[in-house]
$ cat run-v9.txt   # compact mmCIF, C-alpha atoms and all ligand atoms
# COMPACT_ATOMS: atom_id res chain seq x y z
CA MET A 1 -7.46 23.02 -18.49
CA TYR A 2 -6.69 26.31 -16.79
CA PHE A 3 -10.11 26.27 -15.16
CA GLU A 4 -9.62 22.67 -13.97
CA ASP A 5 -6.25 23.57 -12.45
CA LYS A 6 -7.71 26.50 -10.57
CA ARG A 7 -10.58 24.38 -9.36
CA THR A 8 -8.22 21.67 -8.09
CA ASP A 9 -6.06 24.31 -6.38
CA THR A 10 -9.11 25.66 -4.58
CA LEU A 11 -10.24 22.20 -3.45
CA GLN A 12 -6.72 21.20 -2.34
CA LYS A 13 -6.51 24.26 -0.12
CA LYS A 14 -10.02 23.89 1.17
CA PHE A 15 -9.59 20.28 2.29
CA GLY A 16 -5.85 20.23 3.03
CA ILE A 17 -5.53 17.30 0.65
CA LEU A 18 -2.70 17.73 -1.84
CA GLY A 19 -2.56 16.38 -5.37
CA LYS A 20 -3.55 17.22 -8.92
CA SER A 21 -3.70 13.77 -10.50
CA ALA A 22 -6.97 12.63 -12.06
CA GLY A 23 -7.63 10.23 -9.16
CA VAL A 24 -7.23 12.99 -6.58
CA GLN A 25 -9.28 15.46 -8.61
CA SER A 26 -12.25 13.14 -8.72
CA MET A 27 -11.79 12.29 -5.04
CA LEU A 28 -11.80 16.00 -4.13
CA GLU A 29 -14.95 16.55 -6.19
CA THR A 30 -16.73 13.76 -4.32
CA VAL A 31 -15.55 15.14 -0.96
CA GLU A 32 -16.90 18.55 -1.99
CA GLN A 33 -20.27 17.04 -2.88
CA VAL A 34 -20.81 14.77 0.11
CA ALA A 35 -19.09 16.66 2.95
CA PRO A 36 -22.02 18.98 3.74
CA THR A 37 -24.55 16.12 3.83
CA ASP A 38 -25.29 13.58 6.55
CA ILE A 39 -24.81 10.59 4.31
CA SER A 40 -22.50 7.83 5.54
CA VAL A 41 -19.33 7.31 3.54
CA LEU A 42 -16.95 4.43 3.01
CA ILE A 43 -13.34 5.37 2.35
CA ALA A 44 -11.26 2.73 0.61
CA GLY A 45 -7.54 2.84 0.10
CA GLU A 46 -4.22 1.30 1.01
CA SER A 47 -2.51 1.95 4.31
CA GLY A 48 -0.99 5.41 4.53
CA SER A 49 -2.81 6.71 1.46
CA GLY A 50 -4.72 9.45 3.30
CA LYS A 51 -8.04 7.93 4.40
CA GLU A 52 -8.05 9.65 7.75
CA LEU A 53 -7.34 12.98 6.11
CA VAL A 54 -10.39 12.48 3.88
CA ALA A 55 -12.55 11.55 6.87
CA LEU A 56 -11.42 14.68 8.69
CA ALA A 57 -12.15 16.82 5.63
CA LEU A 58 -15.67 15.37 5.47
CA HIS A 59 -16.24 16.29 9.10
CA LYS A 60 -14.65 19.72 8.97
CA HIS A 61 -16.77 20.74 6.00
CA SER A 62 -20.05 19.53 7.37
CA LYS A 63 -22.51 21.32 9.59
CA ARG A 64 -21.20 19.10 12.39
CA SER A 65 -17.73 20.64 12.29
CA HIS A 66 -18.08 22.28 15.72
CA LYS A 67 -19.16 18.95 17.25
CA PRO A 68 -16.90 15.97 18.10
CA PHE A 69 -14.97 13.97 15.52
CA ILE A 70 -14.30 10.61 17.15
CA ILE A 71 -11.78 8.25 15.59
CA VAL A 72 -12.19 4.56 16.43
CA ASN A 73 -9.57 2.14 15.22
CA CYS A 74 -11.74 -0.98 15.12
CA GLY A 75 -8.72 -3.17 14.40
CA ALA A 76 -6.99 -2.16 17.61
CA ILE A 77 -9.85 -2.96 20.01
CA PRO A 78 -10.02 -6.57 21.26
CA ALA A 79 -13.17 -8.36 20.08
CA GLY A 80 -14.30 -9.00 23.66
CA ILE A 81 -14.66 -5.32 24.56
CA ILE A 82 -15.46 -3.69 21.23
CA GLU A 83 -19.21 -3.46 21.87
CA SER A 84 -18.80 -1.87 25.24
CA GLU A 85 -16.28 0.57 23.74
CA LEU A 86 -18.61 1.49 20.88
CA PHE A 87 -21.99 1.43 22.59
CA GLY A 88 -21.10 1.80 26.28
CA HIS A 89 -22.25 -0.44 29.10
CA LYS A 90 -24.44 -0.46 32.17
CA LYS A 91 -23.09 -0.91 35.66
CA GLY A 92 -22.77 -4.63 36.42
CA ALA A 93 -23.08 -5.67 32.75
CA PHE A 94 -19.98 -7.83 33.21
CA THR A 95 -17.30 -8.41 35.83
CA GLY A 96 -15.44 -5.17 36.28
CA ALA A 97 -18.23 -2.92 35.01
CA GLN A 98 -18.42 -0.90 38.21
CA SER A 99 -20.35 2.01 36.77
CA ASP A 100 -22.23 3.04 33.63
CA ARG A 101 -19.86 3.94 30.84
CA LYS A 102 -20.43 6.01 27.73
CA GLY A 103 -19.42 4.49 24.41
CA TYR A 104 -17.87 6.21 21.41
CA PHE A 105 -21.23 6.65 19.71
CA GLN A 106 -22.55 8.63 22.62
CA SER A 107 -19.38 10.71 22.79
CA ALA A 108 -19.75 11.49 19.10
CA ASN A 109 -23.36 12.64 19.46
CA GLY A 110 -24.04 15.54 17.12
CA GLY A 111 -20.75 14.96 15.32
CA THR A 112 -19.00 12.33 13.23
CA ILE A 113 -17.64 8.92 14.13
CA PHE A 114 -14.80 7.59 12.00
CA LEU A 115 -14.77 3.79 12.09
CA ASP A 116 -11.29 3.03 10.83
CA GLU A 117 -10.54 -0.54 9.74
CA ILE A 118 -14.20 -1.45 9.86
CA GLY A 119 -13.35 -4.75 8.15
CA GLU A 120 -11.79 -5.91 11.42
CA THR A 121 -15.00 -5.74 13.48
CA PRO A 122 -16.48 -9.09 14.55
CA LEU A 123 -19.60 -10.22 12.68
CA GLU A 124 -21.84 -9.88 15.77
CA THR A 125 -20.79 -6.25 16.14
CA GLN A 126 -21.42 -5.61 12.46
CA VAL A 127 -25.14 -6.38 12.97
CA LYS A 128 -25.25 -3.69 15.62
CA LEU A 129 -23.44 -1.19 13.43
CA LEU A 130 -26.01 -1.80 10.72
CA ARG A 131 -28.75 -0.96 13.18
CA VAL A 132 -27.08 2.32 14.10
CA LEU A 133 -26.66 3.14 10.42
CA GLU A 134 -30.29 2.40 9.65
CA GLN A 135 -32.07 3.59 12.75
CA GLY A 136 -29.52 5.67 14.62
CA GLU A 137 -29.99 3.51 17.72
CA PHE A 138 -28.19 0.83 19.71
CA LEU A 139 -28.30 -1.04 22.98
CA PRO A 140 -25.54 -0.35 25.49
CA VAL A 141 -24.10 -3.63 26.80
CA GLY A 142 -26.25 -4.91 29.65
CA SER A 143 -29.10 -2.50 28.95
CA SER A 144 -32.56 -3.26 27.67
CA ASN A 145 -33.30 0.32 26.65
CA SER A 146 -32.04 1.34 23.29
CA MET A 147 -30.37 4.67 22.94
CA LYS A 148 -30.72 7.11 20.07
CA VAL A 149 -27.86 9.20 18.75
CA ASP A 150 -27.38 11.68 15.94
CA VAL A 151 -24.03 10.61 14.54
CA ARG A 152 -22.70 10.65 11.02
CA ILE A 153 -20.77 7.50 10.20
CA VAL A 154 -17.65 7.53 8.09
CA ALA A 155 -15.91 4.18 7.76
CA ALA A 156 -12.62 3.15 6.21
CA SER A 157 -10.89 -0.01 5.24
CA ASN A 158 -7.66 -0.93 3.55
CA ARG A 159 -8.99 -4.41 2.96
CA ASN A 160 -11.11 -5.25 -0.05
CA LEU A 161 -14.50 -5.52 1.66
CA GLU A 162 -16.10 -7.13 -1.35
CA LYS A 163 -13.68 -10.04 -0.96
CA GLU A 164 -14.38 -10.12 2.77
CA VAL A 165 -18.09 -10.43 1.97
CA ASP A 166 -17.35 -13.35 -0.36
CA ALA A 167 -15.22 -14.95 2.33
CA GLY A 168 -18.04 -14.53 4.86
CA THR A 169 -16.06 -12.27 7.20
CA PHE A 170 -17.98 -9.10 6.42
CA ARG A 171 -21.76 -8.81 6.37
CA LYS A 172 -23.26 -8.24 2.96
CA ASP A 173 -26.06 -6.00 4.23
CA LEU A 174 -23.63 -3.72 6.06
CA PHE A 175 -21.36 -3.59 3.03
CA TYR A 176 -24.20 -2.58 0.69
CA ARG A 177 -25.42 0.00 3.16
CA LEU A 178 -21.96 1.50 3.47
CA LYS A 179 -20.74 1.34 -0.08
CA ALA A 180 -23.43 3.61 -1.56
CA ILE A 181 -20.95 6.46 -1.31
CA THR A 182 -17.44 5.12 -1.61
CA ILE A 183 -14.45 7.41 -1.86
CA THR A 184 -11.42 5.61 -3.17
CA VAL A 185 -8.11 7.13 -2.17
CA PRO A 186 -5.58 6.27 -4.87
CA SER A 187 -2.29 4.69 -3.83
CA LEU A 188 0.76 6.87 -4.31
CA ARG A 189 2.13 4.75 -7.14
CA ASP A 190 -1.09 5.37 -9.06
CA ARG A 191 -0.58 9.11 -8.74
CA LYS A 192 3.13 9.49 -9.33
CA GLY A 193 2.64 12.96 -10.77
CA ASP A 194 1.72 14.14 -7.27
CA ILE A 195 4.97 12.98 -5.68
CA PRO A 196 6.96 16.20 -6.38
CA ILE A 197 4.11 18.35 -5.01
CA LEU A 198 3.87 16.27 -1.85
CA ALA A 199 7.64 15.94 -1.38
CA ASN A 200 8.09 19.70 -1.66
CA LYS A 201 5.30 20.48 0.74
CA PHE A 202 6.48 17.97 3.35
CA ALA A 203 10.07 19.20 3.05
CA HIS A 204 9.17 22.89 3.37
CA ASP A 205 6.80 22.30 6.29
CA CYS A 206 9.41 20.24 8.07
CA ALA A 207 12.13 22.86 7.49
CA ILE A 208 9.90 25.62 8.86
CA ARG A 209 8.81 23.56 11.85
CA ASN A 210 12.37 22.71 12.76
CA GLN A 211 13.88 26.04 11.70
CA ILE A 212 16.33 24.49 9.31
CA LEU A 213 17.35 25.35 5.77
CA PHE A 214 15.94 23.45 2.83
CA LYS A 215 17.03 24.48 -0.65
CA GLY A 216 14.99 22.07 -2.72
CA PHE A 217 15.42 18.82 -4.65
CA SER A 218 17.34 18.29 -7.88
CA GLU A 219 15.46 17.11 -10.99
CA GLY A 220 17.06 13.67 -10.62
CA ALA A 221 15.93 13.48 -7.02
CA TYR A 222 12.32 14.10 -8.07
CA GLN A 223 12.68 11.47 -10.74
CA ILE A 224 13.88 8.77 -8.37
CA MET A 225 11.22 9.57 -5.81
CA SER A 226 8.57 9.49 -8.53
CA GLN A 227 9.69 6.06 -9.73
CA HIS A 228 9.80 4.53 -6.27
CA ARG A 229 6.87 2.25 -5.33
CA TRP A 230 6.13 3.67 -1.85
CA PRO A 231 4.26 0.64 -0.48
CA GLY A 232 3.53 2.68 2.66
CA ASN A 233 2.10 5.44 0.47
CA ILE A 234 2.03 9.07 1.61
CA ARG A 235 2.90 8.23 5.20
CA GLU A 236 6.09 6.55 4.02
CA LEU A 237 6.96 9.43 1.70
CA LYS A 238 6.36 11.95 4.47
CA ASN A 239 8.56 10.12 6.99
CA PHE A 240 11.23 9.63 4.37
CA ILE A 241 11.30 13.34 3.43
CA GLU A 242 11.25 14.52 7.02
CA SER A 243 14.16 12.40 8.19
CA MET A 244 16.16 13.35 5.10
CA VAL A 245 15.50 17.08 5.46
CA ILE A 246 16.45 17.01 9.14
CA LEU A 247 19.59 14.93 8.74
CA GLU A 248 20.79 16.56 5.51
CA LYS A 249 20.01 20.12 6.43
CA GLY A 250 21.48 22.77 4.17
CA GLY A 251 22.02 22.00 0.52
CA VAL A 252 19.91 20.91 -2.41
CA ILE A 253 18.95 17.25 -2.05
CA LYS A 254 20.33 15.31 -5.00
CA THR A 255 20.13 11.75 -6.28
CA ASP A 256 23.03 10.42 -4.19
CA VAL A 257 21.29 11.47 -0.98
CA ILE A 258 17.99 9.94 -2.08
CA TYR A 259 19.74 6.66 -2.85
CA ARG A 260 21.45 6.68 0.49
CA TYR A 261 18.13 7.02 2.27
CA LEU A 262 16.22 4.50 0.21
CA ASN A 263 17.62 1.15 1.20
CA ALA A 264 18.84 -1.15 -1.58
CA GLU A 265 15.67 -3.21 -1.54
CA SER A 266 13.46 -0.25 -2.18
CA VAL A 267 15.36 1.35 -5.06
CA PRO A 268 13.01 1.51 -8.06
CA ALA A 269 12.97 -1.48 -10.35
CA GLU A 270 14.17 0.38 -13.43
CA LEU A 271 17.23 1.56 -11.55
CA ASN A 272 18.05 -1.59 -9.69
CA PRO A 273 18.62 -4.80 -11.63
CA LEU A 274 18.32 -6.70 -8.34
CA LEU A 275 14.66 -5.95 -8.10
CA PRO A 276 12.46 -6.82 -11.02
CA VAL A 277 9.35 -5.45 -9.31
CA LYS A 278 7.03 -4.02 -11.91
CA LEU A 279 5.33 -0.76 -11.18
CA ASP A 280 1.82 -1.84 -12.09
CA ARG A 281 1.48 -4.34 -9.22
CA ASN A 282 -0.74 -4.05 -6.21
CA VAL A 283 0.75 -4.33 -2.73
CA ASP A 284 -0.06 -8.03 -2.31
CA GLN A 285 1.53 -8.92 -5.61
CA ALA A 286 4.55 -6.76 -4.88
CA GLU A 287 4.88 -8.34 -1.43
CA ARG A 288 4.74 -11.79 -2.95
CA GLU A 289 7.30 -10.83 -5.55
CA LEU A 290 9.66 -9.50 -2.89
CA ILE A 291 9.32 -12.79 -1.03
CA LEU A 292 10.12 -14.70 -4.17
CA GLN A 293 13.18 -12.54 -4.73
CA GLN A 294 14.30 -13.20 -1.18
CA LEU A 295 13.82 -16.89 -1.77
CA PHE A 296 15.88 -16.73 -4.90
CA MET A 297 18.68 -14.92 -3.11
CA LEU A 298 18.51 -17.47 -0.31
CA ARG A 299 18.85 -20.29 -2.82
CA ARG A 300 21.82 -18.55 -4.39
CA GLU A 301 23.48 -18.07 -1.02
CA ILE A 302 22.96 -21.73 -0.17
CA GLY A 303 24.30 -22.72 -3.58
CA GLU A 304 27.38 -20.60 -3.00
CA MET A 305 27.87 -22.08 0.44
CA LYS A 306 27.65 -25.59 -0.99
CA GLU A 307 30.17 -24.64 -3.64
CA ILE A 308 32.57 -23.26 -1.06
CA LEU A 309 32.23 -26.44 0.95
CA THR A 310 32.77 -28.78 -1.96
CA GLN A 311 35.32 -26.83 -3.99
CA GLY A 312 36.68 -24.30 -1.53
CA LEU A 313 36.03 -21.56 -4.09
CA PRO A 314 33.40 -18.83 -4.01
CA SER A 315 31.03 -18.59 -6.93
CA ARG A 316 31.50 -15.56 -9.11
CA ALA A 317 28.12 -15.81 -10.78
CA GLY A 318 26.22 -12.54 -10.46
CA PHE A 319 22.53 -12.33 -9.80
CA ASP A 320 20.68 -11.67 -13.00
CA ALA A 321 17.04 -10.89 -12.44
CA ALA A 322 16.12 -11.78 -16.00
CA SER A 323 18.05 -15.07 -16.01
CA ASP A 324 16.51 -18.48 -16.60
CA GLU A 325 17.69 -19.41 -13.14
CA TYR A 326 15.55 -16.68 -11.62
CA ASN A 327 12.54 -17.63 -13.68
CA GLN A 328 12.94 -21.27 -12.73
CA ALA A 329 13.07 -20.24 -9.09
CA LEU A 330 9.74 -18.52 -9.53
CA GLU A 331 8.21 -21.46 -11.34
CA VAL A 332 8.98 -24.00 -8.64
CA LEU A 333 6.74 -22.09 -6.25
CA PRO A 334 3.13 -23.18 -6.38
CA ASP A 335 0.36 -20.60 -6.28
CA GLU A 336 -0.61 -19.49 -2.81
CA GLN A 337 -4.24 -20.55 -3.31
CA ASP A 338 -3.26 -24.03 -4.42
CA SER A 339 -0.89 -24.63 -1.59
CA GLU A 340 -1.51 -26.34 1.70
CA ILE A 341 0.28 -24.67 4.55
CA ASN A 342 2.58 -27.08 6.28
CA ASN A 343 2.49 -26.00 9.86
CA ASP A 344 5.44 -27.96 11.08
CA LEU A 345 7.99 -25.75 9.41
CA ALA A 346 9.67 -25.27 12.74
CA SER A 347 13.30 -25.27 11.68
CA PRO A 348 14.75 -21.78 11.47
CA ILE A 349 17.10 -22.93 8.72
CA LEU A 350 15.70 -23.85 5.34
CA ASN A 351 16.88 -27.10 3.94
CA PRO A 352 18.09 -26.38 0.37
CA GLN A 353 16.66 -29.65 -0.92
CA MET A 354 13.27 -28.63 0.37
CA LEU A 355 13.21 -25.16 -1.09
CA GLY A 356 11.64 -26.16 -4.36
CA ASN A 357 8.76 -27.82 -2.49
CA LEU A 358 7.97 -24.97 -0.19
CA THR A 359 4.83 -22.97 -0.58
CA ALA A 360 4.95 -19.19 -0.82
CA ALA A 361 3.18 -19.07 2.56
CA GLN A 362 5.89 -21.18 4.17
CA VAL A 363 8.63 -19.03 2.74
CA GLU A 364 6.81 -15.94 3.89
CA LYS A 365 6.45 -17.35 7.40
CA GLU A 366 10.14 -18.19 7.50
CA LEU A 367 11.08 -14.72 6.28
CA ILE A 368 8.91 -13.04 8.86
CA LEU A 369 10.33 -15.22 11.61
CA ARG A 370 13.91 -14.52 10.58
CA SER A 371 13.28 -10.81 10.28
CA LEU A 372 11.63 -10.75 13.71
CA GLN A 373 14.67 -12.48 15.15
CA ARG A 374 16.98 -10.09 13.35
CA PHE A 375 15.20 -7.07 14.79
CA ASN A 376 14.85 -8.54 18.25
CA PHE A 377 11.11 -8.96 17.73
CA ASN A 378 10.64 -5.24 17.23
CA LYS A 379 7.54 -5.32 15.03
CA ARG A 380 7.85 -1.79 13.76
CA LYS A 381 11.39 -2.33 12.52
CA THR A 382 10.52 -5.75 11.14
CA ALA A 383 7.52 -4.39 9.24
CA LYS A 384 9.66 -1.60 7.83
CA ALA A 385 12.39 -3.99 6.71
CA LEU A 386 9.82 -6.24 5.05
CA GLN A 387 8.11 -3.20 3.54
CA MET A 388 4.90 -4.40 5.06
CA ALA A 389 2.28 -2.40 6.94
CA GLU A 390 2.64 -3.03 10.68
CA ARG A 391 -0.96 -4.17 10.81
CA THR A 392 -0.29 -6.70 8.03
CA LEU A 393 2.68 -8.00 10.01
CA TYR A 394 0.51 -8.48 13.10
CA ARG A 395 -2.09 -10.27 10.99
CA LYS A 396 0.50 -12.58 9.46
CA ILE A 397 2.11 -13.33 12.84
CA LYS A 398 -1.31 -14.44 14.01
CA GLU A 399 -2.10 -16.26 10.78
CA TYR A 400 1.16 -18.24 10.82
CA ASP A 401 1.00 -18.80 14.56
CA ILE A 402 4.45 -17.29 14.94
CA VAL A 403 3.63 -16.12 18.46
CA LYS A 404 4.07 -19.67 19.74
CA GLU A 405 7.56 -19.79 18.37
CA ILE A 406 8.68 -16.48 19.85
N1 LIG A 501 -3.14 14.17 -0.07
C1 LIG A 501 -2.41 14.42 0.99
N2 LIG A 501 -1.85 15.62 1.15
C2 LIG A 501 -1.08 15.87 2.22
N3 LIG A 501 -0.83 15.00 3.20
C3 LIG A 501 -1.37 13.81 3.11
C4 LIG A 501 -2.21 13.45 2.00
N4 LIG A 501 -2.64 12.19 2.18
C5 LIG A 501 -2.08 11.76 3.32
N5 LIG A 501 -1.32 12.73 3.89
C6 LIG A 501 -0.56 12.57 5.14
O1 LIG A 501 -0.02 11.25 5.13
C7 LIG A 501 -0.11 10.64 6.41
C8 LIG A 501 -0.93 9.36 6.33
O2 LIG A 501 -2.29 9.68 6.02
P1 LIG A 501 -3.53 8.99 6.77
O3 LIG A 501 -3.23 8.77 8.21
O4 LIG A 501 -4.73 9.79 6.43
O5 LIG A 501 -3.53 7.59 6.01
P2 LIG A 501 -4.51 6.33 6.19
O6 LIG A 501 -4.95 5.93 4.83
O7 LIG A 501 -5.54 6.65 7.20
O8 LIG A 501 -3.51 5.23 6.74
P3 LIG A 501 -3.86 3.85 7.58
O9 LIG A 501 -4.60 2.94 6.68
O10 LIG A 501 -2.49 3.31 7.89
O11 LIG A 501 -4.63 4.26 8.79
C9 LIG A 501 -0.72 11.70 7.32
O12 LIG A 501 0.33 12.38 7.97
C10 LIG A 501 -1.45 12.63 6.37
O13 LIG A 501 -1.54 13.92 6.89
MG MG A 502 -5.86 5.72 9.10

$ encode --input "run-v9.txt" --output "structure tokens"
Amino acid sequence: MYFEDKRTDTLQKKFGILGKSAGVQSMLETVEQVAPTDISVLIAGESGSGKELVALALHKHSKRSHKPFIIVNCGAIPAGIIESELFGHKKGAFTGAQSDRKGYFQSANGGTIFLDEIGETPLETQVKLLRVLEQGEFLPVGSSNSMKVDVRIVAASNRNLEKEVDAGTFRKDLFYRLKAITITVPSLRDRKGDIPILANKFAHDCAIRNQILFKGFSEGAYQIMSQHRWPGNIRELKNFIESMVILEKGGVIKTDVIYRYLNAESVPAELNPLLPVKLDRNVDQAERELILQQLFMLRREIGEMKEILTQGLPSRAGFDAASDEYNQALEVLPDEQDSEINNDLASPILNPQMLGNLTAAQVEKELILRSLQRFNFNKRKTAKALQMAERTLYRKIKEYDIVKEI
């Protein structure tokens, strides 16, 4: 045990990746083994869990460390220009190509390229990535001479690529080529024991950087933070700690402060009877559950409004998460897979009679639309309020065609 602890301490320091949980220990061991090699690596993990940090550690501890480390966010590059961005283009290859241009692969020559969100690349581009992986060569757009590069490829995805392969949106051959070495970064809720270590480190670093006093967290504060779900993983924890340390400078941070900073919706299930979110759910399930809760609350509000209108008296009935009423509300919603999305859900107000017939997707669309309106279409704020990764919000806006309604 003592030996294992020392070993983990050494690896944490070496790679700048904090954590002592079993998941992190095995991740650090794999990083230690594969970093010095040239083998390509796939990093899997939820948004904000630390994939980029792992990619950087792989590069920094390889013989390529003094050469470039190029990060490409494949999800952020429009499909129409992704190939020219990755592989470069020749002068005149398309309108506007006024001169030859180097792509990311050429810029990364000798070093490492980090293909973040590789699951978002178009299928045609995936064929070309496979060729680079297998032969180290590619064709710049508009060129008939292939180019050779010496680049190590590290890819990451927060989508389940196996499912994408089944759905036909990710090439099987590329997936098998990439997945030989997969490093899975555990989500924060699967490594709760690491939360105090991370919280402390982030708080101390922030205090030093901003030259403010930080006296530590109370036991209760650690407990609440450890029970929280952190859907945005380490990134969310880090932002949370930093804003709290800056705004609450001085004393020991206790439970009341933590509660004040965690909004009501994100207080851990055990401590908040309003939110029966169980801790063993994945993000999709948790998201769906939050939507269902919102739906239930909406139904209750409508019920209360109806009561006020008919009787002139407000309802005193409290919301009981474990009540039959709540469970019935969940039951009336069909499974997402079974449902057909009704695209003409244009009304911003839900008709109470219709609620029971709505699909989860329709309710989700409505919630997203309302939240966007509430936050003046600020996507960052909306994503935060919905506890959804910004990227997921963008995807859903596209999926539900919300753009047209904005
Ligand atoms: N184990 C860790 N120890 C210390 N800091 C960490 C750790 N993991 C992540 N972080 C910090 O958390 C933040 C988010 O990490 P990172 O950007 O690597 O996540 P990601 O998985 O790439 O997220 P996304 O999918 O949204 O791109 C960064 O500031 C990073 O430095
Ligand atoms: Mg990242």

$ closest_residue --input "run-v9.txt" --among "A:Leu174, A:Leu367, A:Ile402, A:Leu188" --to "ligand LIG 501 (chain A)" --atoms "only C-alpha atoms and all ligand atoms"
A:Leu188

$ closest_atom_pairs --input "run-v9.txt" --of "chain A" --to "ligand LIG 501 (chain A)" --cutoff "7 Å" --atoms "only C-alpha atoms and all ligand atoms" --output "JSON lines"
{"residue": "A:Gly16", "atom": "CA", "partner": "A:LIG501", "partner_atom": "N2", "distance": 6.4}
{"residue": "A:Ile17", "atom": "CA", "partner": "A:LIG501", "partner_atom": "N1", "distance": 4.0}
{"residue": "A:Leu18", "atom": "CA", "partner": "A:LIG501", "partner_atom": "N2", "distance": 3.8}
{"residue": "A:Gly19", "atom": "CA", "partner": "A:LIG501", "partner_atom": "N1", "distance": 5.8}
{"residue": "A:Gly45", "atom": "CA", "partner": "A:LIG501", "partner_atom": "O6", "distance": 6.2}
{"residue": "A:Glu46", "atom": "CA", "partner": "A:LIG501", "partner_atom": "O9", "distance": 5.9}
{"residue": "A:Ser47", "atom": "CA", "partner": "A:LIG501", "partner_atom": "O9", "distance": 3.3}
{"residue": "A:Gly48", "atom": "CA", "partner": "A:LIG501", "partner_atom": "O8", "distance": 3.4}
{"residue": "A:Ser49", "atom": "CA", "partner": "A:LIG501", "partner_atom": "O6", "distance": 4.1}
{"residue": "A:Gly50", "atom": "CA", "partner": "A:LIG501", "partner_atom": "O4", "distance": 3.1}
{"residue": "A:Lys51", "atom": "CA", "partner": "A:LIG501", "partner_atom": "O6", "distance": 3.7}
{"residue": "A:Glu52", "atom": "CA", "partner": "A:LIG501", "partner_atom": "O4", "distance": 3.6}
{"residue": "A:Leu53", "atom": "CA", "partner": "A:LIG501", "partner_atom": "O4", "distance": 4.1}
{"residue": "A:Val54", "atom": "CA", "partner": "A:LIG501", "partner_atom": "O4", "distance": 6.8}
{"residue": "A:Asn158", "atom": "CA", "partner": "A:LIG501", "partner_atom": "O9", "distance": 5.8}
{"residue": "A:Leu198", "atom": "CA", "partner": "A:LIG501", "partner_atom": "C2", "distance": 6.4}
{"residue": "A:Ile234", "atom": "CA", "partner": "A:LIG501", "partner_atom": "O1", "distance": 4.6}
{"residue": "A:Arg235", "atom": "CA", "partner": "A:LIG501", "partner_atom": "C7", "distance": 4.0}
{"residue": "A:Lys238", "atom": "CA", "partner": "A:LIG501", "partner_atom": "O1", "distance": 6.5}

$ axis_aligned_box --input "run-v9.txt" --around "stretch 386-396 of chain A" --padding-each-side "5 Å" --output "lines of an AutoDock Vina configuration file"
center_x = 3.9
center_y = -7.5
center_z = 8.3
size_x = 21.9
size_y = 20.2
size_z = 19.6

$ closest_residue --input "run-v9.txt" --among "A:Pro231, A:Ile253, A:Glu85, A:Met27" --to "A:Met388" --atoms "all atoms listed in the file"
A:Pro231

$ residues_around --input "run-v9.txt" --residues "A:Ile70" --least-positions-apart "4" --cutoff "12 Å" --atoms "all atoms listed in the file" --output "PDB file with C-alpha atoms, keeping the file's coordinate frame"
ATOM      1  CA  GLU A  52      -8.050   9.650   7.750  1.00  0.00           C
ATOM      2  CA  ALA A  55     -12.550  11.550   6.870  1.00  0.00           C
ATOM      3  CA  LEU A  56     -11.420  14.680   8.690  1.00  0.00           C
ATOM      4  CA  HIS A  59     -16.240  16.290   9.100  1.00  0.00           C
ATOM      5  CA  ARG A  64     -21.200  19.100  12.390  1.00  0.00           C
ATOM      6  CA  SER A  65     -17.730  20.640  12.290  1.00  0.00           C
ATOM      7  CA  LEU A  86     -18.610   1.490  20.880  1.00  0.00           C
ATOM      8  CA  GLY A 103     -19.420   4.490  24.410  1.00  0.00           C
ATOM      9  CA  TYR A 104     -17.870   6.210  21.410  1.00  0.00           C
ATOM     10  CA  PHE A 105     -21.230   6.650  19.710  1.00  0.00           C
ATOM     11  CA  GLN A 106     -22.550   8.630  22.620  1.00  0.00           C
ATOM     12  CA  SER A 107     -19.380  10.710  22.790  1.00  0.00           C
ATOM     13  CA  ALA A 108     -19.750  11.490  19.100  1.00  0.00           C
ATOM     14  CA  ASN A 109     -23.360  12.640  19.460  1.00  0.00           C
ATOM     15  CA  GLY A 110     -24.040  15.540  17.120  1.00  0.00           C
ATOM     16  CA  GLY A 111     -20.750  14.960  15.320  1.00  0.00           C
ATOM     17  CA  THR A 112     -19.000  12.330  13.230  1.00  0.00           C
ATOM     18  CA  ILE A 113     -17.640   8.920  14.130  1.00  0.00           C
ATOM     19  CA  PHE A 114     -14.800   7.590  12.000  1.00  0.00           C
ATOM     20  CA  LEU A 115     -14.770   3.790  12.090  1.00  0.00           C
ATOM     21  CA  ASP A 116     -11.290   3.030  10.830  1.00  0.00           C
ATOM     22  CA  VAL A 151     -24.030  10.610  14.540  1.00  0.00           C
ATOM     23  CA  ARG A 152     -22.700  10.650  11.020  1.00  0.00           C
ATOM     24  CA  ILE A 153     -20.770   7.500  10.200  1.00  0.00           C
ATOM     25  CA  VAL A 154     -17.650   7.530   8.090  1.00  0.00           C
ATOM     26  CA  ALA A 155     -15.910   4.180   7.760  1.00  0.00           C
TER      27      ALA A 155
END

$ closest_residue --input "run-v9.txt" --among "A:Lys215, A:Lys179, A:Lys398, A:Arg391" --to "ligand MG 502 (chain A)" --atoms "all atoms listed in the file"
A:Arg391

$ atom_distance --input "run-v9.txt" --atom1 "atom CA of A:Thr182" --atom2 "atom CA of A:Lys148"
25.5 Å

$ atom_distance --input "run-v9.txt" --atom1 "atom CA of A:Ile118" --atom2 "atom CA of A:Val24"
23.0 Å

$ closest_residue --input "run-v9.txt" --among "A:Ser84, A:Glu164, A:Val363, A:Gly232" --to "ligand MG 502 (chain A)" --atoms "all atoms listed in the file"
A:Gly232

$ closest_residue --input "run-v9.txt" --among "A:Val72, A:Glu137, A:Gln98, A:Ile183" --to "ligand MG 502 (chain A)" --atoms "only C-alpha atoms and all ligand atoms"
A:Val72

$ closest_residue --input "run-v9.txt" --among "A:Cys74, A:Leu11, A:Val149, A:Ile39" --to "ligand MG 502 (chain A)" --atoms "all atoms listed in the file"
A:Cys74
